[in-house]
file work-v9.pdb (PDB, C-alpha atoms and all ligand atoms)
ATOM      1  CA  MET A   1     -25.511   7.557  25.246
ATOM      2  CA  ASP A   2     -23.262   6.445  22.357
ATOM      3  CA  PHE A   3     -21.219   3.338  23.278
ATOM      4  CA  THR A   4     -19.833   2.776  19.754
ATOM      5  CA  PHE A   5     -16.081   2.166  19.863
ATOM      6  CA  ARG A   6     -14.151   4.732  17.863
ATOM      7  CA  HIS A   7     -10.382   4.998  17.516
ATOM      8  CA  ARG A   8      -8.934   8.174  19.039
ATOM      9  CA  VAL A   9      -6.485  10.179  16.966
ATOM     10  CA  LEU A  10      -5.009  13.633  17.473
ATOM     11  CA  ILE A  11      -4.459  15.682  14.304
ATOM     12  CA  LEU A  12      -1.888  18.446  14.549
ATOM     13  CA  GLY A  13      -2.116  21.035  11.762
ATOM     14  CA  THR A  14       0.908  22.963  10.518
ATOM     15  CA  GLY A  15      -0.339  24.310   7.147
ATOM     16  CA  GLY A  16       0.977  23.416   3.679
ATOM     17  CA  THR A  17      -0.769  22.807   0.368
ATOM     18  CA  ILE A  18      -3.101  20.325   2.000
ATOM     19  CA  ALA A  19      -4.624  23.436   3.603
ATOM     20  CA  GLY A  20      -4.159  25.566   0.479
ATOM     21  CA  VAL A  21      -6.764  27.413  -1.591
ATOM     22  CA  ALA A  22      -6.645  28.581  -5.200
ATOM     23  CA  GLU A  23      -8.871  30.928  -7.175
ATOM     24  CA  SER A  24      -9.823  28.211  -9.642
ATOM     25  CA  SER A  25     -10.356  24.471  -9.200
ATOM     26  CA  ALA A  26      -8.112  23.923 -12.261
ATOM     27  CA  GLN A  27      -5.158  25.556 -10.503
ATOM     28  CA  HIS A  28      -2.407  23.351  -9.041
ATOM     29  CA  THR A  29       0.180  26.120  -8.755
ATOM     30  CA  GLY A  30       0.022  29.755  -7.680
ATOM     31  CA  TYR A  31      -2.372  29.019  -4.800
ATOM     32  CA  ARG A  32      -2.194  30.179  -1.190
ATOM     33  CA  ALA A  33      -0.810  27.448   1.085
ATOM     34  CA  ALA A  34      -1.826  27.200   4.754
ATOM     35  CA  ALA A  35      -5.210  28.920   4.354
ATOM     36  CA  LEU A  36      -7.607  26.372   5.864
ATOM     37  CA  SER A  37      -7.652  25.284   9.489
ATOM     38  CA  VAL A  38      -7.087  21.673  10.519
ATOM     39  CA  GLU A  39     -10.785  21.557  11.558
ATOM     40  CA  GLN A  40     -11.771  22.528   8.006
ATOM     41  CA  LEU A  41      -9.579  19.776   6.584
ATOM     42  CA  VAL A  42     -11.287  17.217   8.813
ATOM     43  CA  ALA A  43     -14.764  18.537   7.966
ATOM     44  CA  ALA A  44     -14.042  17.977   4.254
ATOM     45  CA  VAL A  45     -13.656  14.200   4.769
ATOM     46  CA  PRO A  46     -17.021  12.664   5.768
ATOM     47  CA  ALA A  47     -15.418   9.221   6.337
ATOM     48  CA  LEU A  48     -13.522  10.703   9.304
ATOM     49  CA  ALA A  49     -16.806  10.896  11.234
ATOM     50  CA  GLY A  50     -16.172   7.273  12.242
ATOM     51  CA  PHE A  51     -13.158   8.323  14.363
ATOM     52  CA  ASP A  52     -12.893  10.112  17.670
ATOM     53  CA  LEU A  53     -10.724  13.008  16.519
ATOM     54  CA  GLU A  54      -9.090  15.823  18.383
ATOM     55  CA  THR A  55      -7.474  18.651  16.418
ATOM     56  CA  ARG A  56      -4.891  21.277  17.238
ATOM     57  CA  GLN A  57      -3.372  23.979  15.053
ATOM     58  CA  VAL A  58       0.300  23.993  16.011
ATOM     59  CA  ALA A  59       1.285  26.316  13.152
ATOM     60  CA  GLN A  60      -0.112  27.653   9.884
ATOM     61  CA  VAL A  61       2.751  27.994   7.397
ATOM     62  CA  ASP A  62       3.914  27.261   3.903
ATOM     63  CA  SER A  63       6.535  24.677   4.851
ATOM     64  CA  LYS A  64       9.271  26.552   2.982
ATOM     65  CA  ASN A  65       9.092  28.676   6.141
ATOM     66  CA  MET A  66       9.309  25.770   8.585
ATOM     67  CA  SER A  67      11.235  26.988  11.629
ATOM     68  CA  TYR A  68      13.046  25.574  14.649
ATOM     69  CA  ALA A  69      10.418  27.252  16.842
ATOM     70  CA  ILE A  70       7.620  25.318  15.100
ATOM     71  CA  TRP A  71       9.622  22.102  15.367
ATOM     72  CA  THR A  72      10.008  22.711  19.088
ATOM     73  CA  ASP A  73       6.251  23.304  19.491
ATOM     74  CA  LEU A  74       5.446  20.284  17.363
ATOM     75  CA  HIS A  75       7.731  18.061  19.393
ATOM     76  CA  ALA A  76       6.142  19.281  22.644
ATOM     77  CA  ALA A  77       2.640  18.664  21.274
ATOM     78  CA  VAL A  78       3.545  15.149  20.138
ATOM     79  CA  VAL A  79       5.260  14.235  23.407
ATOM     80  CA  ALA A  80       2.290  15.489  25.443
ATOM     81  CA  ALA A  81      -0.110  13.488  23.259
ATOM     82  CA  LEU A  82       1.971  10.313  23.464
ATOM     83  CA  GLY A  83       1.457  10.430  27.217
ATOM     84  CA  ASP A  84      -2.317  10.162  26.737
ATOM     85  CA  GLY A  85      -3.126   6.478  27.194
ATOM     86  CA  GLN A  86      -6.506   6.841  25.433
ATOM     87  CA  LEU A  87      -4.954   8.014  22.177
ATOM     88  CA  ASP A  88      -4.251   5.488  19.382
ATOM     89  CA  GLY A  89      -1.988   7.699  17.334
ATOM     90  CA  ILE A  90      -1.114  11.127  15.986
ATOM     91  CA  VAL A  91      -1.397  12.662  12.523
ATOM     92  CA  ILE A  92       0.502  15.780  11.484
ATOM     93  CA  THR A  93      -0.628  17.722   8.399
ATOM     94  CA  HIS A  94       2.341  19.464   6.769
ATOM     95  CA  GLY A  95       3.577  21.101   3.576
ATOM     96  CA  THR A  96       5.381  18.784   1.168
ATOM     97  CA  ASP A  97       8.418  21.025   0.654
ATOM     98  CA  THR A  98      10.125  20.340   3.971
ATOM     99  CA  LEU A  99       8.140  17.272   4.985
ATOM    100  CA  GLU A 100      11.207  15.057   4.770
ATOM    101  CA  GLU A 101      13.079  17.253   7.239
ATOM    102  CA  THR A 102      10.307  17.367   9.839
ATOM    103  CA  ALA A 103       9.778  13.633   9.459
ATOM    104  CA  TYR A 104      13.491  12.977   9.950
ATOM    105  CA  PHE A 105      13.659  15.366  12.896
ATOM    106  CA  LEU A 106      10.796  13.586  14.674
ATOM    107  CA  ALA A 107      12.074  10.140  13.732
ATOM    108  CA  ARG A 108      15.449  10.880  15.311
ATOM    109  CA  ILE A 109      14.152  12.248  18.604
ATOM    110  CA  LEU A 110      10.912  10.444  19.417
ATOM    111  CA  VAL A 111      10.630   7.173  21.253
ATOM    112  CA  THR A 112       7.118   6.019  20.519
ATOM    113  CA  ALA A 113       5.129   2.808  20.639
ATOM    114  CA  LYS A 114       2.332   4.546  18.700
ATOM    115  CA  PRO A 115       2.119   5.710  15.081
ATOM    116  CA  VAL A 116       3.034   9.340  14.441
ATOM    117  CA  VAL A 117       1.970   9.894  10.829
ATOM    118  CA  LEU A 118       2.838  12.916   8.736
ATOM    119  CA  THR A 119       0.754  13.650   5.679
ATOM    120  CA  ALA A 120       0.443  16.408   3.101
ATOM    121  CA  ALA A 121      -0.884  17.099  -0.395
ATOM    122  CA  MET A 122       0.493  18.149  -3.752
ATOM    123  CA  ARG A 123      -2.729  19.868  -4.807
ATOM    124  CA  PRO A 124      -4.619  22.563  -2.905
ATOM    125  CA  ALA A 125      -7.881  21.671  -1.174
ATOM    126  CA  THR A 126      -9.806  23.562  -3.879
ATOM    127  CA  ALA A 127      -8.428  21.449  -6.768
ATOM    128  CA  VAL A 128     -10.934  19.487  -8.841
ATOM    129  CA  SER A 129      -9.129  16.318  -7.795
ATOM    130  CA  ALA A 130      -7.462  17.266  -4.530
ATOM    131  CA  ASP A 131      -5.237  14.565  -3.026
ATOM    132  CA  GLY A 132      -5.371  15.908   0.525
ATOM    133  CA  PRO A 133      -8.672  14.346   1.682
ATOM    134  CA  GLN A 134      -7.633  10.786   0.745
ATOM    135  CA  ASN A 135      -4.149  11.320   2.221
ATOM    136  CA  LEU A 136      -5.699  12.563   5.458
ATOM    137  CA  LEU A 137      -8.106   9.622   5.649
ATOM    138  CA  ASP A 138      -5.262   7.158   4.964
ATOM    139  CA  ALA A 139      -3.091   8.858   7.601
ATOM    140  CA  VAL A 140      -5.815   8.684  10.263
ATOM    141  CA  GLN A 141      -6.510   5.036   9.483
ATOM    142  CA  LEU A 142      -2.782   4.312   9.654
ATOM    143  CA  ALA A 143      -2.507   6.158  12.981
ATOM    144  CA  THR A 144      -4.970   3.681  14.515
ATOM    145  CA  ASN A 145      -2.815   0.704  13.530
ATOM    146  CA  ALA A 146      -0.429  -0.219  16.341
ATOM    147  CA  SER A 147       1.763  -2.210  13.935
ATOM    148  CA  ALA A 148       2.652   1.085  12.227
ATOM    149  CA  ALA A 149       4.249   2.425  15.441
ATOM    150  CA  GLY A 150       7.007   4.980  14.847
ATOM    151  CA  VAL A 151       7.295   8.062  12.670
ATOM    152  CA  ARG A 152       5.725   7.462   9.237
ATOM    153  CA  VAL A 153       4.843   9.524   6.202
ATOM    154  CA  CYS A 154       1.620   8.562   4.433
ATOM    155  CA  MET A 155       1.211   9.965   0.896
ATOM    156  CA  HIS A 156      -0.542   8.767  -2.273
ATOM    157  CA  GLY A 157      -1.344   5.379  -0.764
ATOM    158  CA  GLN A 158       2.274   4.765   0.261
ATOM    159  CA  VAL A 159       3.719   4.575   3.751
ATOM    160  CA  PHE A 160       7.349   5.601   4.224
ATOM    161  CA  ALA A 161       9.641   5.418   7.242
ATOM    162  CA  GLY A 162      10.074   8.965   8.550
ATOM    163  CA  TYR A 163      13.878   8.739   8.468
ATOM    164  CA  ALA A 164      14.040   7.612   4.839
ATOM    165  CA  VAL A 165      11.341   9.587   3.007
ATOM    166  CA  ARG A 166      12.264  12.086   0.285
ATOM    167  CA  LYS A 167      10.403  14.384  -2.059
ATOM    168  CA  ARG A 168      11.318  13.312  -5.593
ATOM    169  CA  HIS A 169       9.062  15.510  -7.744
ATOM    170  CA  PRO A 170       7.923  19.161  -7.590
ATOM    171  CA  TYR A 171       4.476  18.618  -9.174
ATOM    172  CA  ALA A 172       3.394  14.954  -9.513
ATOM    173  CA  VAL A 173       0.825  13.638  -7.044
ATOM    174  CA  ASP A 174       3.082  10.658  -6.298
ATOM    175  CA  ALA A 175       5.867  13.002  -5.293
ATOM    176  CA  PHE A 176       7.453  10.936  -2.515
ATOM    177  CA  THR A 177       9.786   8.009  -2.424
ATOM    178  CA  SER A 178      12.102   6.342   0.049
ATOM    179  CA  SER A 179      15.870   6.309   0.069
ATOM    180  CA  ARG A 180      15.932   2.942   1.810
ATOM    181  CA  GLU A 181      13.340   0.231   2.171
ATOM    182  CA  ARG A 182      10.443  -0.584  -0.118
ATOM    183  CA  SER A 183       7.445   1.356   1.105
ATOM    184  CA  ALA A 184       4.333  -0.113   2.679
ATOM    185  CA  THR A 185       0.853   0.790   1.413
ATOM    186  CA  MET A 186      -2.517   2.025   2.614
ATOM    187  CA  GLU A 187      -5.190   0.496   0.384
ATOM    188  CA  GLU A 188      -8.909   0.654   1.262
ATOM    189  CA  GLY A 189      -7.889   1.336   4.875
ATOM    190  CA  PHE A 190      -5.538  -1.683   5.030
ATOM    191  CA  TYR A 191      -1.905  -1.215   6.018
ATOM    192  CA  THR A 192       0.317  -3.666   4.167
ATOM    193  CA  THR A 193       4.039  -3.895   4.784
ATOM    194  CA  PRO A 194       6.359  -5.314   2.119
ATOM    195  CA  ALA A 195       5.433  -8.981   1.929
ATOM    196  CA  ALA A 196       7.547 -11.223   4.095
ATOM    197  CA  LEU A 197       8.883 -14.190   2.182
ATOM    198  CA  PRO A 198       6.531 -17.166   2.370
ATOM    199  CA  GLU A 199       7.801 -20.439   3.810
ATOM    200  CA  PRO A 200      10.459 -22.001   1.533
ATOM    201  CA  ILE A 201       9.178 -24.735  -0.777
ATOM    202  CA  PRO A 202      11.147 -27.982  -0.312
ATOM    203  CA  PHE A 203      13.229 -28.629  -3.426
ATOM    204  CA  GLU A 204      14.062 -32.114  -4.675
ATOM    205  CA  PRO A 205      16.601 -31.951  -7.520
ATOM    206  CA  ASP A 206      15.779 -35.298  -9.133
ATOM    207  CA  LEU A 207      12.143 -34.516  -9.978
ATOM    208  CA  PRO A 208      11.135 -33.614 -13.558
ATOM    209  CA  TRP A 209      10.458 -29.988 -14.337
ATOM    210  CA  PRO A 210       6.808 -29.398 -15.178
ATOM    211  CA  TRP A 211       5.605 -27.432 -18.199
ATOM    212  CA  VAL A 212       4.421 -23.997 -17.131
ATOM    213  CA  GLU A 213       3.482 -21.144 -19.463
ATOM    214  CA  ALA A 214       2.222 -17.595 -19.117
ATOM    215  CA  VAL A 215      -0.672 -16.022 -20.989
ATOM    216  CA  SER A 216      -1.850 -12.452 -20.841
ATOM    217  CA  ASN A 217      -5.269 -10.862 -20.903
ATOM    218  CA  ALA A 218      -5.496  -8.276 -23.701
ATOM    219  CA  ALA A 219      -7.915  -6.657 -26.107
ATOM    220  CA  GLY A 220      -9.465  -9.416 -28.210
ATOM    221  CA  GLN A 221      -8.190 -12.192 -25.924
ATOM    222  CA  ASP A 222     -10.412 -15.201 -26.705
ATOM    223  CA  GLY A 223      -8.737 -17.926 -24.636
ATOM    224  CA  ARG A 224      -7.680 -20.081 -27.614
ATOM    225  CA  THR A 225      -4.053 -20.144 -26.438
ATOM    226  CA  VAL A 226      -5.150 -21.597 -23.098
ATOM    227  CA  ASP A 227      -7.211 -24.346 -24.752
ATOM    228  CA  ALA A 228      -4.313 -25.156 -27.089
ATOM    229  CA  LEU A 229      -1.838 -25.317 -24.211
ATOM    230  CA  VAL A 230      -4.121 -27.571 -22.168
ATOM    231  CA  ALA A 231      -4.620 -29.880 -25.162
ATOM    232  CA  ALA A 232      -0.822 -30.029 -25.524
ATOM    233  CA  GLY A 233      -0.355 -31.019 -21.875
ATOM    234  CA  VAL A 234       0.607 -27.822 -20.041
ATOM    235  CA  GLN A 235       0.679 -28.334 -16.240
ATOM    236  CA  GLY A 236       0.723 -24.777 -14.955
ATOM    237  CA  LEU A 237      -0.506 -21.436 -16.280
ATOM    238  CA  VAL A 238       0.323 -17.941 -15.127
ATOM    239  CA  VAL A 239      -2.371 -15.506 -16.201
ATOM    240  CA  ALA A 240      -1.158 -11.927 -16.452
ATOM    241  CA  ALA A 241      -4.447 -10.159 -15.825
ATOM    242  CA  THR A 242      -5.400  -6.615 -16.729
ATOM    243  CA  GLY A 243      -5.507  -3.961 -13.978
ATOM    244  CA  ASN A 244      -6.545  -5.301 -10.597
ATOM    245  CA  GLY A 245      -6.790  -8.923 -11.734
ATOM    246  CA  THR A 246      -9.448  -8.895 -14.476
ATOM    247  CA  LEU A 247      -9.750 -11.397 -17.360
ATOM    248  CA  SER A 248     -11.912 -11.174 -20.492
ATOM    249  CA  ASP A 249     -15.007 -13.381 -20.246
ATOM    250  CA  ALA A 250     -13.622 -15.734 -22.891
ATOM    251  CA  LEU A 251     -10.221 -16.015 -21.188
ATOM    252  CA  LEU A 252     -11.845 -16.646 -17.806
ATOM    253  CA  GLU A 253     -13.942 -19.478 -19.273
ATOM    254  CA  ALA A 254     -10.847 -21.019 -20.860
ATOM    255  CA  VAL A 255      -8.911 -20.717 -17.581
ATOM    256  CA  ARG A 256     -11.744 -22.410 -15.704
ATOM    257  CA  ARG A 257     -11.697 -25.251 -18.252
ATOM    258  CA  ALA A 258      -7.946 -25.547 -17.705
ATOM    259  CA  GLN A 259      -8.385 -25.618 -13.934
ATOM    260  CA  LYS A 260     -11.000 -28.377 -14.252
ATOM    261  CA  ALA A 261      -8.510 -30.342 -16.344
ATOM    262  CA  GLY A 262      -6.025 -30.190 -13.425
ATOM    263  CA  VAL A 263      -3.814 -27.318 -14.588
ATOM    264  CA  GLU A 264      -2.404 -25.202 -11.736
ATOM    265  CA  ILE A 265      -3.399 -21.537 -12.192
ATOM    266  CA  VAL A 266      -2.069 -18.358 -10.692
ATOM    267  CA  VAL A 267      -3.112 -14.807 -11.599
ATOM    268  CA  VAL A 268      -0.851 -11.749 -11.448
ATOM    269  CA  SER A 269      -1.393  -8.213 -12.722
ATOM    270  CA  ARG A 270       0.212  -7.296 -16.025
ATOM    271  CA  CYS A 271       0.707  -3.709 -14.709
ATOM    272  CA  ALA A 272       4.359  -2.776 -14.305
ATOM    273  CA  GLU A 273       4.046  -1.830 -10.621
ATOM    274  CA  GLY A 274       1.931  -2.756  -7.624
ATOM    275  CA  HIS A 275      -0.034  -5.934  -7.029
ATOM    276  CA  ILE A 276      -3.629  -7.134  -7.134
ATOM    277  CA  VAL A 277      -5.474  -5.603  -4.183
ATOM    278  CA  GLY A 278      -7.902  -7.950  -2.415
ATOM    279  CA  GLN A 279      -9.425 -11.062  -4.008
ATOM    280  CA  PRO A 280     -10.910 -10.510  -7.480
ATOM    281  CA  GLU A 281     -14.440 -11.795  -8.062
ATOM    282  CA  HIS A 282     -13.258 -14.733 -10.194
ATOM    283  CA  GLY A 283     -11.740 -16.318  -7.058
ATOM    284  CA  LEU A 284      -8.630 -17.656  -8.830
ATOM    285  CA  PRO A 285      -5.402 -17.717  -6.746
ATOM    286  CA  VAL A 286      -3.435 -14.465  -7.052
ATOM    287  CA  LEU A 287       0.208 -13.577  -6.420
ATOM    288  CA  GLY A 288       1.826 -10.151  -5.995
ATOM    289  CA  VAL A 289       4.902 -10.840  -8.153
ATOM    290  CA  THR A 290       5.837 -10.547 -11.837
ATOM    291  CA  ALA A 291       4.555 -13.081 -14.359
ATOM    292  CA  ALA A 292       8.078 -14.474 -14.708
ATOM    293  CA  GLN A 293       8.367 -14.921 -10.932
ATOM    294  CA  ALA A 294       4.890 -16.453 -10.722
ATOM    295  CA  ARG A 295       6.026 -18.986 -13.332
ATOM    296  CA  VAL A 296       8.918 -20.000 -11.050
ATOM    297  CA  GLU A 297       6.471 -20.256  -8.138
ATOM    298  CA  LEU A 298       4.275 -22.643 -10.154
ATOM    299  CA  LEU A 299       7.281 -24.699 -11.257
ATOM    300  CA  LEU A 300       8.252 -25.167  -7.609
ATOM    301  CA  LEU A 301       4.700 -25.729  -6.408
ATOM    302  CA  ILE A 302       3.968 -28.410  -9.010
ATOM    303  CA  ARG A 303       7.281 -30.145  -8.288
ATOM    304  CA  TRP A 304       6.490 -30.098  -4.578
ATOM    305  CA  LYS A 305       3.034 -31.574  -5.191
ATOM    306  CA  GLN A 306       4.670 -34.296  -7.297
ATOM    307  CA  ALA A 307       7.110 -34.998  -4.460
ATOM    308  CA  MET A 308       4.221 -35.318  -2.015
ATOM    309  CA  GLN A 309       2.398 -37.698  -4.360
ATOM    310  CA  ARG A 310       5.566 -39.758  -4.730
ATOM    311  CA  ALA A 311       6.013 -39.904  -0.942
ATOM    312  CA  ARG A 312       2.391 -40.955  -0.445
ATOM    313  CA  ALA A 313       2.694 -43.673  -3.105
ATOM    314  CA  ALA A 314       5.913 -44.972  -1.492
ATOM    315  CA  ALA A 315       4.262 -45.030   1.939
ATOM    316  CA  LYS A 316       1.309 -46.949   0.502
ATOM    317  CA  GLN A 317       3.631 -49.508  -1.095
ATOM    318  CA  ARG A 318       5.405 -50.026   2.215
ATOM    319  CA  GLY A 319       1.973 -50.745   3.651
TER     320      GLY A 319
HETATM  321  C1  LIG B   1       4.399  23.693   1.486
HETATM  322  O1  LIG B   1       5.373  22.931   1.539
HETATM  323  O2  LIG B   1       3.876  24.148   2.500
HETATM  324  C2  LIG B   1       3.853  24.121   0.189
HETATM  325  C3  LIG B   1       3.999  23.100  -0.851
HETATM  326  C4  LIG B   1       3.245  21.837  -0.543
HETATM  327  O3  LIG B   1       2.746  21.576   0.515
HETATM  328  O4  LIG B   1       3.191  21.013  -1.510
END

call {"tool": "encode", "arguments": {"input": "work-v9.pdb", "output": "structure tokens"}}
result
Amino acid sequence: MDFTFRHRVLILGTGGTIAGVAESSAQHTGYRAAALSVEQLVAAVPALAGFDLETRQVAQVDSKNMSYAIWTDLHAAVVAALGDGQLDGIVITHGTDTLEETAYFLARILVTAKPVVLTAAMRPATAVSADGPQNLLDAVQLATNASAAGVRVCMHGQVFAGYAVRKRHPYAVDAFTSSRERSATMEEGFYTTPAALPEPIPFEPDLPWPWVEAVSNAAGQDGRTVDALVAAGVQGLVVAATGNGTLSDALLEAVRRAQKAGVEIVVVSRCAEGHIVGQPEHGLPVLGVTAAQARVELLLLIRWKQAMQRARAAAKQRG
């Protein structure tokens, strides 16, 4: 007997490009939407074997033809499933064209303490780089996360509130955005909501402002700027790293020398959007803000450390 715990998720299929097939793997338009069954979509994602999945084909349409009758059936299927105490959450596969309407419809009528996650794809299942399998995996993982309760849309690694999602592009893989809040993300199976503000840093106006600079990793970056700044007395360094937090070998060595010399370091990504996912191998502290904001963070952090030192010294003097 298998006693392994597996999250239980119901997947309701309604069709769309996620279930679409084209004649050629190079084709992203002119395909037939709603051709594959929800079981076939699940079978195409080996990582889903780790979940206890139930599937049901509620409809099989190109979502340009979404109807009130399908909405009514979908609502009934979701409500029935929400009554099943063993179920962690529900995923609905859908076409992208009217996804925002179905998501809004469900968001306005469902009262749910579980995640109800809609997902879709911009490329047919036959495409050389189909987006559907990853979207489906993300959606199932999200559906097992009780903190994502409510109606959500999970697309291209982003999680949107069902009432605020909108399709912004007719072709791009990252075709969805939100009309309201910043979206949350699904990255490597982890659901991350927009970062809550950390605790405020106490601010003492009469302390001196430290010297903090920013350097960037780049082609040919040899770390000389870091050494020069340390020799000149810099107290904090923001390192705008490439991609997901990487530094050239020479820059990393220079940063380590700086750290040893007592310079406060923080690493951010130099990419225009997103943040460093996970902890890079170099182990340096990372922040998910811009380099300019990270510089402010270091200014405040160093000032706070100075204030603590001053308080400790005063306490010592008092005996
Ligand atoms: C549809 O909305 O069903 C077709 C288009 C798509 O899913 O991207």

call {"tool": "residues_near_point", "arguments": {"input": "work-v9.pdb", "point": "(-9.5, 27.3, 5.3)", "cutoff": "10 Å", "atoms": "only C-alpha atoms", "output": "list in words"}}
result
Gly15, Ala19, Gly20, Val21, Ala33, Ala34, Ala35, Leu36, Ser37, Val38, Glu39, Gln40, Leu41, Ala125 and Thr126 of chain A

call {"tool": "resolve_selection", "arguments": {"input": "work-v9.pdb", "expression": "the PyMOL selection byres (((chain A and resi 298-301) around 9) and not hetatm)", "output": "PyMOL selection string"}}
result
chain A and resi 201-203+209-212+236-238+264-266+293-297+302-306

call {"tool": "write_last_selection", "arguments": {"input": "work-v9.pdb", "atoms": "C-alpha atoms", "output": "CSV table (one decimal), keeping the file's coordinate frame"}}
result
chain,number,residue,atom,x,y,z
A,201,ILE,CA,9.2,-24.7,-0.8
A,202,PRO,CA,11.1,-28.0,-0.3
A,203,PHE,CA,13.2,-28.6,-3.4
A,209,TRP,CA,10.5,-30.0,-14.3
A,210,PRO,CA,6.8,-29.4,-15.2
A,211,TRP,CA,5.6,-27.4,-18.2
A,212,VAL,CA,4.4,-24.0,-17.1
A,236,GLY,CA,0.7,-24.8,-15.0
A,237,LEU,CA,-0.5,-21.4,-16.3
A,238,VAL,CA,0.3,-17.9,-15.1
A,264,GLU,CA,-2.4,-25.2,-11.7
A,265,ILE,CA,-3.4,-21.5,-12.2
A,266,VAL,CA,-2.1,-18.4,-10.7
A,293,GLN,CA,8.4,-14.9,-10.9
A,294,ALA,CA,4.9,-16.5,-10.7
A,295,ARG,CA,6.0,-19.0,-13.3
A,296,VAL,CA,8.9,-20.0,-11.0
A,297,GLU,CA,6.5,-20.3,-8.1
A,302,ILE,CA,4.0,-28.4,-9.0
A,303,ARG,CA,7.3,-30.1,-8.3
A,304,TRP,CA,6.5,-30.1,-4.6
A,305,LYS,CA,3.0,-31.6,-5.2
A,306,GLN,CA,4.7,-34.3,-7.3

call {"tool": "closest_residue", "arguments": {"input": "work-v9.pdb", "among": "A:Ile92, A:Met308, A:Ala228, A:Ala241", "to": "Leu287 in chain A", "atoms": "only C-alpha atoms"}}
result
A:Ala241

call {"tool": "residues_around", "arguments": {"input": "work-v9.pdb", "residues": "Gln279 in chain A", "least_positions_apart": "5", "cutoff": "10 Å", "atoms": "all atoms listed in the file", "output": "mmCIF file with C-alpha atoms, in the coordinates of the input"}}
result
data_model
loop_
_atom_site.group_PDB
_atom_site.id
_atom_site.type_symbol
_atom_site.label_atom_id
_atom_site.label_comp_id
_atom_site.auth_asym_id
_atom_site.auth_seq_id
_atom_site.Cartn_x
_atom_site.Cartn_y
_atom_site.Cartn_z
ATOM 1 C CA ASN A 244 -6.545 -5.301 -10.597
ATOM 2 C CA GLY A 245 -6.790 -8.923 -11.734
ATOM 3 C CA LEU A 284 -8.630 -17.656 -8.830
ATOM 4 C CA PRO A 285 -5.402 -17.717 -6.746
ATOM 5 C CA VAL A 286 -3.435 -14.465 -7.052
#

call {"tool": "atom_distance", "arguments": {"input": "work-v9.pdb", "atom1": "CA of Ala261 in chain A", "atom2": "CA of Gly223 in chain A"}}
result
14.9 Å

call {"tool": "closest_residue", "arguments": {"input": "work-v9.pdb", "among": "A:Leu87, A:Val230, A:Val159, A:Ile276", "to": "Arg256 in chain A", "atoms": "only C-alpha atoms"}}
result
A:Val230

call {"tool": "residues_near_ligand", "arguments": {"input": "work-v9.pdb", "ligand": "ligand LIG 1 (chain B)", "cutoff": "8 Å", "atoms": "all atoms listed in the file", "output": "list in words"}}
result
Gly15, Gly16, Thr17, Ile18, Gly20, Ala33, Ala34, Val61, Asp62, Ser63, Lys64, Asn65, His94, Gly95, Thr96, Asp97, Thr98, Leu99, Ala120, Ala121, Met122, Arg123 and Pro170 of chain A

call {"tool": "residues_around", "arguments": {"input": "work-v9.pdb", "residues": "Val151 in chain A", "least_positions_apart": "2", "cutoff": "6 Å", "atoms": "only C-alpha atoms", "output": "ChimeraX atom specification"}}
result
/A:107,116-117,162

call {"tool": "atom_distance", "arguments": {"input": "work-v9.pdb", "atom1": "CA of Thr192 in chain A", "atom2": "CA of Phe160 in chain A"}}
result
11.6 Å

call {"tool": "residues_around", "arguments": {"input": "work-v9.pdb", "residues": "Val226 in chain A", "least_positions_apart": "6", "cutoff": "8 Å", "atoms": "all atoms listed in the file", "output": "ChimeraX atom specification"}}
result
/A:215,251,254-255,258
